[in-house]
$ cat run16.tsv   # TSV, C-alpha atoms and all ligand atoms
chain	number	residue	atom	x	y	z
A	1	MET	CA	79.48	57.46	99.80
A	2	VAL	CA	79.86	61.25	100.15
A	3	LYS	CA	78.88	62.31	103.64
A	4	LYS	CA	76.41	65.16	103.90
A	5	ASN	CA	75.91	68.14	106.18
A	6	ALA	CA	73.37	70.98	106.45
A	7	GLY	CA	74.59	74.34	105.19
A	8	ILE	CA	73.68	77.76	103.88
A	9	ILE	CA	73.24	77.82	100.08
A	10	GLY	CA	71.59	81.23	99.62
A	11	ILE	CA	71.59	84.62	101.36
A	12	GLY	CA	69.24	87.60	100.92
A	13	ALA	CA	68.35	90.83	102.67
A	14	TYR	CA	65.98	93.74	102.37
A	15	LEU	CA	66.28	97.22	103.87
A	16	PRO	CA	63.43	99.73	103.59
A	17	ASP	CA	64.23	102.80	101.45
A	18	LYS	CA	63.76	105.45	104.12
A	19	ILE	CA	66.88	106.35	106.11
A	20	LEU	CA	66.91	108.20	109.42
A	21	THR	CA	70.28	109.77	110.24
A	22	ASN	CA	71.57	110.92	113.61
A	23	ALA	CA	71.10	114.48	112.33
A	24	ASP	CA	67.40	113.67	111.77
A	25	LEU	CA	67.20	112.36	115.35
A	26	GLU	CA	68.65	115.61	116.67
A	27	LYS	CA	65.37	117.19	115.52
A	28	ILE	CA	63.26	114.64	117.41
A	29	VAL	CA	65.00	114.25	120.79
A	30	ASP	CA	67.68	116.06	122.78
A	31	THR	CA	70.68	114.20	121.36
A	32	SER	CA	73.68	114.70	119.10
A	33	ASP	CA	75.44	112.78	116.35
A	34	GLU	CA	78.59	112.91	118.51
A	35	TRP	CA	76.83	111.27	121.51
A	36	ILE	CA	75.20	108.52	119.45
A	37	VAL	CA	78.37	107.66	117.51
A	38	SER	CA	80.65	107.69	120.54
A	39	ARG	CA	78.30	105.63	122.78
A	40	SER	CA	76.98	103.17	120.18
A	41	GLY	CA	78.78	103.51	116.82
A	42	ILE	CA	75.45	104.04	115.02
A	43	ARG	CA	75.20	106.71	112.28
A	44	LYS	CA	71.95	105.88	110.50
A	45	ARG	CA	69.12	103.32	110.41
A	46	HIS	CA	66.49	102.21	107.89
A	47	VAL	CA	62.83	102.84	108.71
A	48	ALA	CA	59.93	100.87	107.25
A	49	ASP	CA	57.18	102.69	105.40
A	50	ALA	CA	53.85	103.03	107.23
A	51	ASN	CA	52.23	100.53	104.86
A	52	GLU	CA	54.98	97.90	105.25
A	53	ALA	CA	54.58	95.02	107.70
A	54	THR	CA	57.35	92.78	109.03
A	55	SER	CA	56.20	90.01	106.66
A	56	ASP	CA	56.75	92.34	103.67
A	57	LEU	CA	60.38	92.90	104.66
A	58	ALA	CA	60.78	89.18	105.39
A	59	ALA	CA	59.23	88.16	102.06
A	60	HIS	CA	61.62	90.37	100.05
A	61	ALA	CA	64.65	88.96	101.91
A	62	ALA	CA	63.43	85.36	101.61
A	63	LEU	CA	62.83	85.64	97.85
A	64	LYS	CA	66.34	87.01	97.35
A	65	ALA	CA	67.82	84.13	99.39
A	66	ILE	CA	65.81	81.57	97.41
A	67	GLN	CA	66.97	83.10	94.11
A	68	ASP	CA	70.54	83.19	95.41
A	69	ALA	CA	70.23	79.45	96.17
A	70	GLN	CA	68.98	78.93	92.58
A	71	LEU	CA	65.77	77.41	93.89
A	72	ASN	CA	62.09	78.21	93.44
A	73	PRO	CA	59.67	79.00	96.28
A	74	SER	CA	57.99	75.65	95.60
A	75	ASP	CA	61.24	73.89	96.61
A	76	ILE	CA	61.01	75.24	100.19
A	77	ASP	CA	59.48	72.90	102.77
A	78	MET	CA	59.92	74.93	105.99
A	79	VAL	CA	59.64	78.69	106.65
A	80	ILE	CA	61.01	80.00	109.96
A	81	VAL	CA	60.68	83.66	110.89
A	82	ALA	CA	62.60	84.96	113.91
A	83	THR	CA	61.04	88.22	115.08
A	84	ILE	CA	59.94	90.21	118.12
A	85	THR	CA	57.81	92.48	115.94
A	86	PRO	CA	55.37	90.08	114.22
A	87	ASP	CA	52.62	91.38	111.94
A	88	MET	CA	50.11	90.33	114.60
A	89	MET	CA	49.58	87.73	117.33
A	90	LEU	CA	47.79	85.37	114.95
A	91	PRO	CA	48.41	84.29	112.21
A	92	SER	CA	52.16	83.94	112.41
A	93	THR	CA	54.41	86.17	110.34
A	94	ALA	CA	55.89	83.01	108.78
A	95	THR	CA	52.52	82.02	107.30
A	96	ARG	CA	52.11	85.55	105.93
A	97	VAL	CA	55.52	85.23	104.27
A	98	GLN	CA	54.59	81.79	102.94
A	99	ARG	CA	51.54	83.32	101.28
A	100	LYS	CA	53.41	86.34	99.92
A	101	ILE	CA	56.21	84.37	98.26
A	102	LYS	CA	53.96	81.47	97.22
A	103	VAL	CA	55.71	78.70	99.14
A	104	THR	CA	52.96	76.17	98.57
A	105	ASN	CA	54.23	72.98	100.22
A	106	ALA	CA	55.74	73.96	103.53
A	107	CYS	CA	55.26	74.22	107.26
A	108	ALA	CA	55.77	77.70	108.71
A	109	PHE	CA	56.24	79.14	112.18
A	110	ASP	CA	57.72	82.07	114.13
A	111	ILE	CA	60.29	81.92	116.89
A	112	VAL	CA	60.71	84.55	119.58
A	113	ALA	CA	64.25	84.65	120.92
A	114	ALA	CA	64.96	88.36	120.36
A	115	CYS	CA	68.37	89.14	118.91
A	116	SER	CA	69.37	85.44	119.20
A	117	GLY	CA	66.35	84.29	117.16
A	118	PHE	CA	68.05	83.94	113.79
A	119	VAL	CA	70.79	81.66	115.15
A	120	TYR	CA	68.17	79.64	117.08
A	121	GLY	CA	66.40	79.25	113.71
A	122	LEU	CA	69.57	78.06	111.98
A	123	THR	CA	70.02	75.28	114.53
A	124	ILE	CA	66.40	74.16	114.06
A	125	ALA	CA	66.93	74.09	110.28
A	126	LYS	CA	70.18	72.15	110.69
A	127	ASN	CA	68.53	69.43	112.72
A	128	PHE	CA	65.55	69.01	110.38
A	129	ILE	CA	67.86	68.76	107.36
A	130	LEU	CA	70.23	66.31	109.08
A	131	ASN	CA	67.43	63.99	110.20
A	132	GLY	CA	66.16	63.91	106.63
A	133	THR	CA	62.66	65.29	107.22
A	134	MET	CA	63.22	68.61	105.38
A	135	LYS	CA	65.14	69.46	102.21
A	136	ASN	CA	65.20	73.25	101.93
A	137	VAL	CA	64.50	75.49	104.93
A	138	VAL	CA	64.32	79.27	104.69
A	139	VAL	CA	65.37	80.99	107.93
A	140	ILE	CA	64.46	84.67	108.15
A	141	GLY	CA	65.20	87.36	110.72
A	142	ALA	CA	62.86	90.34	110.25
A	143	GLU	CA	61.95	93.35	112.38
A	144	ILE	CA	60.16	96.69	112.31
A	145	LEU	CA	61.54	97.94	115.62
A	146	THR	CA	61.05	101.64	114.86
A	147	ARG	CA	57.32	101.08	115.28
A	148	TYR	CA	57.92	100.05	118.91
A	149	VAL	CA	60.35	102.67	120.14
A	150	ASP	CA	59.34	105.55	122.35
A	151	TRP	CA	60.30	108.56	120.23
A	152	ASN	CA	60.47	110.63	123.45
A	153	ASP	CA	63.06	108.33	125.05
A	154	ARG	CA	66.49	109.36	123.78
A	155	THR	CA	68.23	106.43	125.45
A	156	THR	CA	66.41	103.83	123.32
A	157	CYS	CA	65.06	105.49	120.15
A	158	VAL	CA	68.53	106.16	118.76
A	159	LEU	CA	69.55	102.50	118.84
A	160	PHE	CA	67.12	100.57	116.65
A	161	GLY	CA	66.36	100.12	112.95
A	162	ASP	CA	64.26	98.01	110.57
A	163	GLY	CA	65.17	95.33	108.04
A	164	ALA	CA	65.18	91.65	107.16
A	165	GLY	CA	67.77	89.02	106.26
A	166	ALA	CA	67.28	85.43	105.17
A	167	VAL	CA	69.18	82.28	104.28
A	168	VAL	CA	68.28	78.96	102.69
A	169	VAL	CA	69.59	75.89	104.53
A	170	SER	CA	69.94	72.68	102.52
A	171	THR	CA	72.09	69.60	102.21
A	172	VAL	CA	75.74	70.28	101.39
A	173	ASN	CA	78.82	68.07	101.20
A	174	THR	CA	80.89	67.69	104.37
A	175	GLY	CA	83.70	70.15	104.65
A	176	ARG	CA	81.05	72.85	104.37
A	177	GLY	CA	77.98	73.72	106.36
A	178	LEU	CA	76.75	74.40	109.87
A	179	LEU	CA	79.12	73.11	112.56
A	180	GLY	CA	79.03	73.35	116.37
A	181	PHE	CA	76.55	75.63	118.07
A	182	HIS	CA	75.60	76.83	121.52
A	183	LEU	CA	72.16	78.04	122.63
A	184	GLY	CA	71.28	79.51	125.99
A	185	ALA	CA	68.65	81.45	127.91
A	186	ASP	CA	68.20	82.83	131.42
A	187	GLY	CA	64.62	83.74	132.28
A	188	ASN	CA	65.67	84.56	135.85
A	189	THR	CA	67.10	87.90	134.81
A	190	PRO	CA	64.86	90.94	135.47
A	191	MET	CA	62.35	91.44	132.63
A	192	LYS	CA	62.85	95.19	132.86
A	193	TRP	CA	66.36	94.83	131.47
A	194	LEU	CA	64.79	94.58	128.00
A	195	MET	CA	61.09	94.28	127.33
A	196	LEU	CA	58.28	94.97	124.88
A	197	PRO	CA	55.01	93.85	126.51
A	198	GLY	CA	52.89	94.76	123.46
A	199	SER	CA	49.56	93.00	123.37
A	200	GLY	CA	50.76	89.88	125.20
A	201	SER	CA	48.51	88.15	127.76
A	202	PHE	CA	50.68	89.46	130.59
A	203	ASN	CA	48.90	92.79	130.13
A	204	GLY	CA	45.45	91.40	130.87
A	205	SER	CA	42.85	93.94	129.90
A	206	VAL	CA	45.22	96.91	130.14
A	207	SER	CA	45.25	98.91	126.92
A	208	VAL	CA	48.56	98.63	125.12
A	209	ALA	CA	48.65	102.39	124.83
A	210	GLU	CA	48.79	102.72	128.63
A	211	ASN	CA	51.80	102.39	130.87
A	212	ARG	CA	54.32	102.31	128.03
A	213	LYS	CA	53.25	98.74	127.21
A	214	ASN	CA	53.76	99.10	123.49
A	215	VAL	CA	57.32	100.39	123.45
A	216	ILE	CA	60.74	98.89	124.06
A	217	THR	CA	62.13	99.71	127.49
A	218	MET	CA	65.64	98.84	128.54
A	219	ASP	CA	68.23	99.02	131.28
A	220	GLY	CA	71.07	99.99	128.94
A	221	LYS	CA	73.85	99.48	131.47
A	222	ALA	CA	72.67	95.97	132.50
A	223	ILE	CA	72.31	94.89	128.87
A	224	PHE	CA	75.68	96.40	128.02
A	225	LYS	CA	77.39	94.39	130.80
A	226	PHE	CA	75.58	91.23	129.67
A	227	GLY	CA	76.68	91.77	126.04
A	228	VAL	CA	80.30	92.35	126.95
A	229	SER	CA	80.52	89.15	128.98
A	230	ILE	CA	78.38	86.82	126.82
A	231	LEU	CA	79.67	87.64	123.31
A	232	PRO	CA	83.27	86.37	123.67
A	233	ASP	CA	82.00	83.40	125.70
A	234	ILE	CA	79.53	82.18	123.05
A	235	ILE	CA	82.06	82.65	120.24
A	236	ASN	CA	84.50	80.44	122.14
A	237	ARG	CA	81.82	77.82	122.79
A	238	ALA	CA	80.87	77.56	119.09
A	239	LEU	CA	84.56	77.27	118.18
A	240	GLU	CA	85.21	74.55	120.80
A	241	ARG	CA	82.21	72.54	119.64
A	242	SER	CA	83.50	72.79	116.05
A	243	HIS	CA	87.09	71.84	117.01
A	244	LEU	CA	88.30	75.17	115.62
A	245	THR	CA	90.32	78.06	117.01
A	246	VAL	CA	89.75	81.71	116.33
A	247	ASN	CA	92.74	81.58	113.94
A	248	ASP	CA	90.80	79.19	111.68
A	249	ILE	CA	88.03	81.77	111.29
A	250	ARG	CA	87.86	84.31	108.47
A	251	LEU	CA	85.17	86.46	110.07
A	252	ILE	CA	83.11	86.76	113.24
A	253	ILE	CA	79.65	88.16	112.56
A	254	PRO	CA	78.17	89.33	115.88
A	255	HIS	CA	74.75	90.76	116.62
A	256	GLN	CA	75.03	94.45	115.72
A	257	ALA	CA	74.02	96.14	119.00
A	258	ASN	CA	76.86	98.45	119.99
A	259	ILE	CA	80.41	98.95	118.67
A	260	ARG	CA	81.75	99.14	122.24
A	261	ILE	CA	80.37	95.65	123.01
A	262	ILE	CA	82.09	94.30	119.88
A	263	GLU	CA	85.38	96.07	120.70
A	264	ALA	CA	85.31	94.63	124.21
A	265	ALA	CA	84.68	91.13	122.80
A	266	ALA	CA	87.63	91.52	120.38
A	267	LYS	CA	89.87	92.47	123.29
A	268	ARG	CA	88.74	89.51	125.42
A	269	LEU	CA	89.27	87.13	122.48
A	270	GLY	CA	92.69	88.62	121.76
A	271	VAL	CA	91.86	89.41	118.12
A	272	GLY	CA	91.86	92.62	116.10
A	273	MET	CA	88.64	94.35	115.10
A	274	ASN	CA	89.33	93.27	111.49
A	275	LYS	CA	88.16	89.77	112.54
A	276	PHE	CA	84.71	91.21	113.24
A	277	TYR	CA	82.24	92.31	110.62
A	278	VAL	CA	80.48	95.54	111.61
A	279	ASN	CA	77.64	97.28	109.76
A	280	LEU	CA	75.79	98.76	112.76
A	281	ASP	CA	76.97	102.24	111.75
A	282	GLN	CA	74.70	101.93	108.67
A	283	ARG	CA	71.96	99.60	109.96
A	284	ALA	CA	71.69	100.15	113.75
A	285	ASN	CA	70.31	97.30	115.90
A	286	THR	CA	67.75	95.28	113.92
A	287	SER	CA	67.42	92.52	116.55
A	288	ALA	CA	66.73	89.12	114.89
A	289	ALA	CA	67.51	90.59	111.45
A	290	SER	CA	70.94	91.93	112.32
A	291	ILE	CA	73.06	88.81	111.73
A	292	PRO	CA	71.58	87.73	108.35
A	293	ILE	CA	71.68	91.35	107.08
A	294	ALA	CA	75.34	91.49	108.18
A	295	MET	CA	76.07	88.23	106.32
A	296	PHE	CA	74.47	89.68	103.19
A	297	ASP	CA	76.38	92.96	103.46
A	298	ALA	CA	79.69	91.20	104.23
A	299	ARG	CA	79.35	89.05	101.12
A	300	ASN	CA	78.46	92.06	98.96
A	301	GLU	CA	81.54	93.87	100.25
A	302	GLY	CA	83.72	90.87	99.30
A	303	LYS	CA	84.51	90.11	102.95
A	304	LEU	CA	82.71	86.74	102.92
A	305	GLN	CA	83.14	84.07	100.27
A	306	ASN	CA	82.17	80.45	99.73
A	307	GLY	CA	84.55	78.24	101.68
A	308	ASP	CA	85.12	80.80	104.46
A	309	ALA	CA	84.81	79.61	108.07
A	310	ILE	CA	82.84	82.08	110.17
A	311	VAL	CA	81.15	82.34	113.57
A	312	LEU	CA	77.80	84.00	114.22
A	313	GLY	CA	76.94	85.23	117.73
A	314	GLY	CA	73.65	86.69	118.95
A	315	PHE	CA	72.48	87.88	122.37
A	316	GLY	CA	69.48	89.81	123.63
A	317	GLY	CA	66.21	89.97	125.51
A	318	GLY	CA	64.99	87.01	127.52
A	319	LEU	CA	67.87	86.92	128.20
A	320	THR	CA	68.93	84.69	125.32
A	321	TRP	CA	72.17	83.93	123.49
A	322	ALA	CA	73.16	81.74	120.55
A	323	SER	CA	76.27	81.08	118.46
A	324	ILE	CA	77.20	78.80	115.59
A	325	ALA	CA	80.32	78.16	113.52
A	326	LEU	CA	79.97	77.34	109.84
A	327	VAL	CA	81.80	77.02	106.57
A	328	LEU	CA	79.95	78.90	103.85
B	1	LIG	C1	72.22	102.74	125.76
B	1	LIG	C2	73.71	103.02	125.90
B	1	LIG	C3	74.30	103.44	124.56
B	1	LIG	C4	73.88	104.17	126.87
B	1	LIG	O1	75.25	104.44	127.06
B	1	LIG	P1	75.82	104.78	128.51
B	1	LIG	O2	77.24	105.10	128.35
B	1	LIG	O3	75.44	103.65	129.42
B	1	LIG	O4	75.03	106.09	128.85
B	1	LIG	P2	74.12	106.40	130.13
B	1	LIG	O5	72.86	105.62	130.07
B	1	LIG	O6	74.99	106.23	131.36
B	1	LIG	O7	73.83	107.90	129.94
B	1	LIG	C5	74.84	108.88	130.09
B	1	LIG	C6	74.21	110.24	129.94
B	1	LIG	O8	73.82	110.40	128.56
B	1	LIG	C7	72.45	110.78	128.51
B	1	LIG	N1	71.89	110.22	127.30
B	1	LIG	C8	71.22	109.07	127.13
B	1	LIG	N2	70.85	108.92	125.86
B	1	LIG	C9	71.28	110.01	125.20
B	1	LIG	C10	71.21	110.43	123.89
B	1	LIG	N3	70.61	109.71	122.91
B	1	LIG	N4	71.77	111.61	123.56
B	1	LIG	C11	72.38	112.37	124.47
B	1	LIG	N5	72.47	112.03	125.77
B	1	LIG	C12	71.94	110.86	126.12
B	1	LIG	C13	71.84	110.20	129.76
B	1	LIG	O9	70.66	110.89	130.08
B	1	LIG	C14	72.93	110.42	130.76
B	1	LIG	O10	72.91	111.75	131.18
B	1	LIG	P3	73.15	112.12	132.72
B	1	LIG	O11	74.56	111.65	133.01
B	1	LIG	O12	72.99	113.60	132.73
B	1	LIG	O13	72.12	111.36	133.48
B	1	LIG	C15	74.47	101.78	126.42
B	1	LIG	O14	74.13	101.54	127.76
B	1	LIG	C16	74.18	100.55	125.60
B	1	LIG	O15	74.47	100.49	124.42
B	1	LIG	N6	73.61	99.52	126.24
B	1	LIG	C17	73.27	98.30	125.53
B	1	LIG	C18	72.03	98.53	124.73
B	1	LIG	C19	71.75	97.42	123.74
B	1	LIG	O16	72.63	97.04	123.01
B	1	LIG	N7	70.53	96.91	123.73
B	1	LIG	C20	70.10	95.90	122.85
B	1	LIG	C21	70.79	94.63	123.16
B	1	LIG	S1	70.24	93.37	122.15

$ encode --input "run16.tsv" --output "structure tokens"
Amino acid sequence: MVKKNAGIIGIGAYLPDKILTNADLEKIVDTSDEWIVSRSGIRKRHVADANEATSDLAAHAALKAIQDAQLNPSDIDMVIVATITPDMMLPSTATRVQRKIKVTNACAFDIVAACSGFVYGLTIAKNFILNGTMKNVVVIGAEILTRYVDWNDRTTCVLFGDGAGAVVVSTVNTGRGLLGFHLGADGNTPMKWLMLPGSGSFNGSVSVAENRKNVITMDGKAIFKFGVSILPDIINRALERSHLTVNDIRLIIPHQANIRIIEAAAKRLGVGMNKFYVNLDQRANTSAASIPIAMFDARNEGKLQNGDAIVLGGFGGGLTWASIALVL
């Protein structure tokens, strides 16, 4: 009998048409292309149209992934959306996506694990497929972060962008599929390191427009230090749990936050930057969407093919972190 595993059989992404360059940002805040590129590596970001919601971006990406998997929406039995910028508190963004792409027979829910959310979602999909309760799970990372940045705060508004990426997880033969993973969180870290209070219950009756409740605030230096130490660590953990070494890996696809974090991780792992896929110069930080968009872009650029062993690594607010090794 052929043994089975859970694996990715389709990839899709969607980026809104509008592009905001560093030169455009120079007209909004006191910044320069030189500062943004040298401190972060970012050159441009996509920005959602005013009439687009996160579920619209997610629906486009999910449909592409389902087509790529050569399935129909009716074949999907679970829809997972990882996001920190949902359409609204209720209903979930996942149910909005379900409606938009006509996934008729499925359960649907959101997960909030910031920039680690997509990899958290992959591990949920893996377990449901392996225990036989689900056949085809679509895992989506989708964000409209530009709607939640303070356009007067030059330290944060230059870093984020919008977009969505999605994969379909199904049964595959062993030798392929999702391998070892590592998930973590530390709620003891100060919330002010990275937060977006929005309309959450923590705010009580305070208007979201007051006290900067509806924008992302961040301690850049604290998050930078966290990223530099956690990224190589989680890559190693996923490799160990998959009985692989970094030499077995074609590509590492990290969360696209800052080129200096990725360069520091490469140094600590003792590998060249060519092991890492980077698209943050074009996409900026799209939180939960960054890893699936990067997978989509890497494949389109011919850097990722079926049969390749890769590692995904996400880290972000919470704090949270998540990594997984897989063979595409
Ligand atoms: C945000 C980040 C790029 C800032 O880089 P940094 O080297 O720490 O820069 P600093 O915050 O020390 O700021 C240095 C100077 O640049 C200024 N500065 C900040 N943003 C600027 C901008 N966009 N343009 C020009 N100058 C800027 C600061 O005001 C400061 O000036 P000062 O020395 O006169 O006070 C960096 O900390 C970072 O990337 N952190 C991680 C953020 C992240 O990835 N978050 C998401 C994780 S999921």

$ residues_near_ligand --input "run16.tsv" --ligand "ligand LIG 1 (chain B)" --cutoff "6 Å" --atoms "only C-alpha atoms and all ligand atoms" --output "list in words"
Thr31, Ser32, Trp35, Ile36, Arg39, Ser40, Cys115, Arg154, Thr155, Val158, Gly220, Lys221, Ile223, Phe224, Ala257, Asn258, Phe315 and Gly316 of chain A

$ atom_distance --input "run16.tsv" --atom1 "atom CA of Val79 of chain A" --atom2 "atom CA of Val138 of chain A"
5.1 Å

$ residues_around --input "run16.tsv" --residues "Arg268 of chain A" --least-positions-apart "6" --cutoff "10 Å" --atoms "only C-alpha atoms" --output "ChimeraX atom specification"
/A:228-229,231-233,262

$ residues_around --input "run16.tsv" --residues "Thr83 of chain A" --least-positions-apart "6" --cutoff "10 Å" --atoms "all atoms listed in the file" --output "PyMOL selection string"
chain A and resi 54-55+58+93-94+110-118+140-145+164+286-289

$ write_last_selection --input "run16.tsv" --atoms "C-alpha atoms" --output "compact mmCIF listing (two decimals), in the frame of the given file"
# COMPACT_ATOMS: atom_id res chain seq x y z
CA THR A 54 57.35 92.78 109.03
CA SER A 55 56.20 90.01 106.66
CA ALA A 58 60.78 89.18 105.39
CA THR A 93 54.41 86.17 110.34
CA ALA A 94 55.89 83.01 108.78
CA ASP A 110 57.72 82.07 114.13
CA ILE A 111 60.29 81.92 116.89
CA VAL A 112 60.71 84.55 119.58
CA ALA A 113 64.25 84.65 120.92
CA ALA A 114 64.96 88.36 120.36
CA CYS A 115 68.37 89.14 118.91
CA SER A 116 69.37 85.44 119.20
CA GLY A 117 66.35 84.29 117.16
CA PHE A 118 68.05 83.94 113.79
CA ILE A 140 64.46 84.67 108.15
CA GLY A 141 65.20 87.36 110.72
CA ALA A 142 62.86 90.34 110.25
CA GLU A 143 61.95 93.35 112.38
CA ILE A 144 60.16 96.69 112.31
CA LEU A 145 61.54 97.94 115.62
CA ALA A 164 65.18 91.65 107.16
CA THR A 286 67.75 95.28 113.92
CA SER A 287 67.42 92.52 116.55
CA ALA A 288 66.73 89.12 114.89
CA ALA A 289 67.51 90.59 111.45

$ closest_residue --input "run16.tsv" --among "A:Thr245, A:Ser323, A:Thr21, A:Asn214" --to "Thr85 of chain A" --atoms "only C-alpha atoms"
A:Asn214

$ atom_distance --input "run16.tsv" --atom1 "atom CA of Val169 of chain A" --atom2 "atom CA of Leu328 of chain A"
10.8 Å

$ residues_near_point --input "run16.tsv" --point "(71.2, 97.5, 114.6)" --cutoff "10 Å" --atoms "only C-alpha atoms" --output "CSV table (one decimal) with C-alpha atoms, in the frame of the given file"
chain,number,residue,atom,x,y,z
A,40,SER,CA,77.0,103.2,120.2
A,41,GLY,CA,78.8,103.5,116.8
A,42,ILE,CA,75.4,104.0,115.0
A,44,LYS,CA,72.0,105.9,110.5
A,45,ARG,CA,69.1,103.3,110.4
A,46,HIS,CA,66.5,102.2,107.9
A,115,CYS,CA,68.4,89.1,118.9
A,145,LEU,CA,61.5,97.9,115.6
A,158,VAL,CA,68.5,106.2,118.8
A,159,LEU,CA,69.6,102.5,118.8
A,160,PHE,CA,67.1,100.6,116.6
A,161,GLY,CA,66.4,100.1,113.0
A,162,ASP,CA,64.3,98.0,110.6
A,163,GLY,CA,65.2,95.3,108.0
A,255,HIS,CA,74.8,90.8,116.6
A,256,GLN,CA,75.0,94.4,115.7
A,257,ALA,CA,74.0,96.1,119.0
A,258,ASN,CA,76.9,98.4,120.0
A,278,VAL,CA,80.5,95.5,111.6
A,279,ASN,CA,77.6,97.3,109.8
A,280,LEU,CA,75.8,98.8,112.8
A,281,ASP,CA,77.0,102.2,111.8
A,282,GLN,CA,74.7,101.9,108.7
A,283,ARG,CA,72.0,99.6,110.0
A,284,ALA,CA,71.7,100.2,113.8
A,285,ASN,CA,70.3,97.3,115.9
A,286,THR,CA,67.8,95.3,113.9
A,287,SER,CA,67.4,92.5,116.6
A,288,ALA,CA,66.7,89.1,114.9
A,289,ALA,CA,67.5,90.6,111.4
A,290,SER,CA,70.9,91.9,112.3
A,291,ILE,CA,73.1,88.8,111.7
A,293,ILE,CA,71.7,91.4,107.1
A,294,ALA,CA,75.3,91.5,108.2

$ residues_around --input "run16.tsv" --residues "Gly7 of chain A" --least-positions-apart "3" --cutoff "7 Å" --atoms "only C-alpha atoms" --output "PyMOL selection string"
chain A and resi 169-172+176-178

$ closest_residue --input "run16.tsv" --among "A:Asn173, A:Gly180, A:Ala6, A:Asp153" --to "Met218 of chain A" --atoms "all atoms listed in the file"
A:Asp153

$ atom_distance --input "run16.tsv" --atom1 "atom CA of Val103 of chain A" --atom2 "atom CA of Ile76 of chain A"
6.4 Å

$ closest_residue --input "run16.tsv" --among "A:Phe128, A:Gln67, A:Arg260, A:Ile28" --to "Cys107 of chain A" --atoms "only C-alpha atoms"
A:Phe128

$ closest_residue --input "run16.tsv" --among "A:Val29, A:Thr104, A:Gly165, A:Asn127" --to "Asp56 of chain A" --atoms "only C-alpha atoms"
A:Gly165

$ decode --input "run16.tsv" --residues "segment 83-108 of chain A" --atoms "C-alpha atoms" --output "CSV table (one decimal), in the first residue's frame"
chain,number,residue,atom,x,y,z
A,83,THR,CA,-5.0,37.6,8.9
A,84,ILE,CA,-4.6,40.5,11.4
A,85,THR,CA,-6.7,42.8,9.1
A,86,PRO,CA,-10.0,40.9,8.8
A,87,ASP,CA,-12.9,42.5,7.0
A,88,MET,CA,-14.7,42.9,10.3
A,89,MET,CA,-15.0,41.3,13.8
A,90,LEU,CA,-17.9,39.1,12.7
A,91,PRO,CA,-18.4,37.3,10.3
A,92,SER,CA,-15.0,35.9,9.8
A,93,THR,CA,-13.0,36.7,6.7
A,94,ALA,CA,-12.9,33.0,5.9
A,95,THR,CA,-16.7,32.8,5.6
A,96,ARG,CA,-16.7,35.9,3.3
A,97,VAL,CA,-14.1,34.1,1.1
A,98,GLN,CA,-16.2,31.0,1.1
A,99,ARG,CA,-19.1,32.9,-0.2
A,100,LYS,CA,-17.1,34.8,-2.8
A,101,ILE,CA,-15.5,31.8,-4.3
A,102,LYS,CA,-18.6,29.5,-3.9
A,103,VAL,CA,-17.0,26.9,-1.7
A,104,THR,CA,-20.4,25.3,-0.8
A,105,ASN,CA,-19.4,22.3,1.4
A,106,ALA,CA,-16.8,23.5,3.8
A,107,CYS,CA,-16.0,24.8,7.3
A,108,ALA,CA,-14.3,28.1,7.5
